[in-house]
Number of protein chains: 2
Amino acid sequence: MSAMTPARGDHDARRLEVSEGVWRVLSTRGFEGLTLRAVAAELGASTGLLTHYFPNKRALLSHALEELDRRSGSRPRRTDPPGGTPPPAGLAQLRAALLDVLPLGEADVADNRIWVGSWDVALADPELAGAHAARYRRARAALTDHVADAQRLGELPAGADPAALAAGAQAFVLGLVVQALFAPEEFPAERQTALLDAYLTGLAAGA
Amino acid sequence: MSAMTPARGDHDARRLEVSEGVWRVLSTRGFEGLTLRAVAAELGASTGLLTHYFPNKRALLSHALEELDRRSGSRPRRTDPPGGTPPPAGLAQLRAALLDVLPLGEADVADNRIWVGSWDVALADPELAGAHAARYRRARAALTDHVADAQRLGELPAGADPAALAAGAQAFVLGLVVQALFAPEEFPAERQTALLDAYLTGLAAGA
DNA sequence: GACCATACATAACAAACGTTTGGTATGTAC
DNA sequence: GTACATACCAAACGTTTGTTATGTATGGTC
């Protein structure tokens, strides 16, 4: 049954390994430095390997970004506290979701550097731009739910528009990501969380 | 006296025209699409013109970005209301400075698209990264002054750290820029200003 | 009018790029 | 053992890139 090919799972697993090489090149040299030869060298392989698993460079990049997005969505998140306790609700969950975006650790810095770098090519490519827009819209929708929960719990003023609060919160963390990438020494993890918490308490007290 | 060369002013003026061509290429095709031939074609000239005014591509790009920054700093700003009335102070000036960042008009969209696109190459190039970090640090310092003024005027709570409020405000508008670029129809000018105003009233009421 | 920068255009250059081709090794299928 | 697909490597292809070299027209200087 799993016969004539060396198993479909292996194929996909190899494509993921290739994507990891793409991530490494992107996080260190940027999209400008993303060449098939650079990825191949990163993997200790030849460009023939890349063309074997991907029809062209565009497909290579798209798959790497999709996989990075998927990995971000399924990693152990700060949304789910350790210990298997139930996820926090309302404001706490909003906070956790926003913390998940910030480059608080080394790996988060690398990931965010890729996403920020991807904005240039994405804005010049309708297909990638659509994927990005959809990604952020989805994230905004999730935040909106958390805001609505927090309002129901009385943690946030009930009068405000949940969608507006969610959009504002997303803008806040996105901008904080950019600041932290360019001035890491001025925006260490503690300061990022402190700024976010100040923002959230402002929301709770705000009009 | 202004003899042996066709006037220094002309030379610099020509370099600025070239930079405008660079801006046009960057805003439509991104940094990925920035080639000497593309810029030359945009100007209706040859690559020889570019090499006559700039030693290499790096210098061409650096000058275009510096000039774009200078132009942003000296254009008629929303900080200075029409009619020659004195600039607003405190919270109003903070608001004006933040509004200046947002892509509210067509030209602002093009400029912001360039800046967002520049982040990829800047993060991969220490010299450009330093220039960017300095730019944002300077902007943050200006915002900090406005926050302190607003606190002195009693428009913002006196207890908060002005630098923290300024960093948060800058993060907010930067992230809003990104959102607006990727989803212009969801973030028209009115919504951007509404979100910013909601953020500012939250600050005024917040802890 | 001779002289000489400047201001470009034209054309060529080597390097690097994405992609294609041709080959070999490996492992199952029968 | 033969057949055949997969999984690569190595090399080459044509194109595009930034850069350099060469030529020419122009306009001020003496």
# chains A, B, ... in the order shown; residues from 1 in each chain; ligands from 1
>>> residues_around(residues="range 9-15 of chain D", least_positions_apart="2", cutoff="10 Å", atoms="only C-alpha atoms (C1' of nucleotides)", output="list in words")
Ala45, Ser46, Thr47, Gly48 and Leu49 of chain A; DC17, DG18, DT19, DT20, DT21, DG22, DG23 and DT24 of chain C; DA7 and DT17 of chain D
>>> write_last_selection(atoms="N, CA and C atoms (P, O5', C5', C4', C3', O3' and C1' of nucleotides)", output="CSV table (one decimal), in the first residue's frame")
chain,number,residue,atom,x,y,z
A,45,ALA,N,23.5,20.7,0.6
A,45,ALA,CA,23.0,20.0,-0.6
A,45,ALA,C,23.2,20.8,-1.8
A,46,SER,N,22.7,20.3,-2.9
A,46,SER,CA,22.8,21.0,-4.2
A,46,SER,C,21.5,21.6,-4.6
A,47,THR,N,21.5,22.5,-5.5
A,47,THR,CA,20.3,23.1,-6.0
A,47,THR,C,19.3,22.1,-6.6
A,48,GLY,N,19.9,21.0,-7.1
A,48,GLY,CA,19.1,20.0,-7.6
A,48,GLY,C,18.1,19.4,-6.6
A,49,LEU,N,18.5,19.4,-5.4
A,49,LEU,CA,17.5,18.9,-4.3
A,49,LEU,C,16.3,19.8,-4.3
C,17,DC,P,23.6,34.6,-6.2
C,17,DC,O5',22.3,34.3,-7.1
C,17,DC,C5',21.5,35.4,-7.5
C,17,DC,C4',20.7,35.1,-8.7
C,17,DC,C3',20.0,33.7,-8.6
C,17,DC,O3',18.8,33.9,-7.9
C,17,DC,C1',20.9,34.2,-10.8
C,18,DG,P,18.0,32.6,-7.3
C,18,DG,O5',17.2,32.1,-8.7
C,18,DG,C5',16.2,33.0,-9.2
C,18,DG,C4',15.6,32.3,-10.4
C,18,DG,C3',14.9,31.0,-10.2
C,18,DG,O3',13.7,30.9,-11.0
C,18,DG,C1',16.7,30.6,-11.7
C,19,DT,P,12.8,29.6,-10.9
C,19,DT,O5',13.5,28.7,-12.1
C,19,DT,C5',13.6,29.3,-13.4
C,19,DT,C4',14.3,28.3,-14.3
C,19,DT,C3',13.7,26.9,-14.3
C,19,DT,O3',13.2,26.6,-15.6
C,19,DT,C1',16.1,26.9,-14.3
C,20,DT,P,12.5,25.1,-15.9
C,20,DT,O5',13.7,24.4,-16.6
C,20,DT,C5',14.4,25.1,-17.6
C,20,DT,C4',15.5,24.2,-18.3
C,20,DT,C3',15.0,22.7,-18.5
C,20,DT,O3',15.3,22.3,-19.8
C,20,DT,C1',17.0,22.8,-17.2
C,21,DT,P,14.9,20.8,-20.3
C,21,DT,O5',16.3,20.0,-20.2
C,21,DT,C5',17.4,20.7,-20.6
C,21,DT,C4',18.7,19.8,-20.4
C,21,DT,C3',18.4,18.3,-20.5
C,21,DT,O3',19.3,17.7,-21.4
C,21,DT,C1',19.4,18.7,-18.5
C,22,DG,P,19.2,16.2,-21.9
C,22,DG,O5',20.3,15.5,-21.0
C,22,DG,C5',21.6,16.0,-21.0
C,22,DG,C4',22.5,15.2,-20.0
C,22,DG,C3',22.2,13.7,-20.1
C,22,DG,O3',23.5,13.0,-20.0
C,22,DG,C1',21.8,14.4,-17.9
C,23,DG,P,23.5,11.4,-20.3
C,23,DG,O5',23.9,10.8,-18.9
C,23,DG,C5',25.1,11.3,-18.3
C,23,DG,C4',25.0,11.2,-16.8
C,23,DG,C3',24.9,9.8,-16.2
C,23,DG,O3',26.1,9.3,-15.8
C,23,DG,C1',23.5,11.4,-15.1
C,24,DT,P,26.3,7.8,-15.5
C,24,DT,O5',26.1,7.6,-13.9
C,24,DT,C5',26.8,8.5,-13.0
C,24,DT,C4',26.2,8.3,-11.6
C,24,DT,C3',26.0,6.9,-11.2
C,24,DT,O3',26.4,6.7,-9.8
C,24,DT,C1',24.0,8.0,-11.0
D,7,DA,P,11.3,10.7,-3.4
D,7,DA,O5',12.9,10.8,-3.5
D,7,DA,C5',13.7,9.9,-2.8
D,7,DA,C4',15.1,10.3,-3.0
D,7,DA,C3',15.4,11.8,-2.8
D,7,DA,O3',16.6,12.0,-2.0
D,7,DA,C1',16.2,11.1,-4.9
D,17,DT,P,17.3,42.7,-14.1
D,17,DT,O5',18.7,42.9,-13.3
D,17,DT,C5',18.9,42.1,-12.1
D,17,DT,C4',20.3,42.2,-11.6
D,17,DT,C3',21.0,43.5,-11.7
D,17,DT,O3',20.8,44.2,-10.4
D,17,DT,C1',22.4,41.9,-12.6
>>> select_by_dssp(residues="range 15-198 of chain B", states="alpha helix (DSSP H)", output="count of residues only")
136
>>> interface_residues(of="chain D", to="chain B", cutoff="8 Å", atoms="only C-alpha atoms (C1' of nucleotides)", output="list in words")
DT17, DG18, DT19 and DG28 of chain D
>>> atom_distance(atom1="CA of Ala89 in chain B", atom2="CA of Arg191 in chain A")
28.2 Å
>>> interface_residues(of="chain C", to="chain B", cutoff="10 Å", atoms="only C-alpha atoms (C1' of nucleotides)", output="ChimeraX atom specification")
/C:4-10
>>> interface_residues(of="chain A", to="chain B", cutoff="7 Å", atoms="only C-alpha atoms", output="VMD selection string")
chain A and resid 28 to 32 116 to 117 119 to 121 124 129 133 164 168 171 to 172 174 to 176 179 182 to 183 195 201 to 203 205 to 207
>>> atom_distance(atom1="C1' of DC8 in chain D", atom2="CA of Leu61 in chain A")
20.7 Å
>>> residues_around(residues="Asp69 in chain A", least_positions_apart="5", cutoff="9 Å", atoms="only C-alpha atoms (C1' of nucleotides)", output="JSON, numbers by chain")
{"A": [64, 74, 135]}
>>> residues_around(residues="Arg152 in chain B", least_positions_apart="5", cutoff="9 Å", atoms="only C-alpha atoms (C1' of nucleotides)", output="PyMOL selection string")
chain B and resi 90+147+158
>>> write_last_selection(atoms="N, CA and C atoms", output="tab-separated table (two decimals), in the first residue's frame")
chain	number	residue	atom	x	y	z
B	90	GLY	N	1.10	70.07	23.70
B	90	GLY	CA	0.68	68.95	24.50
B	90	GLY	C	0.03	67.84	23.70
B	147	VAL	N	4.56	64.16	25.04
B	147	VAL	CA	3.89	63.52	26.17
B	147	VAL	C	4.15	64.30	27.45
B	158	ALA	N	-0.11	62.23	35.18
B	158	ALA	CA	1.27	62.64	35.48
B	158	ALA	C	2.12	61.47	35.97
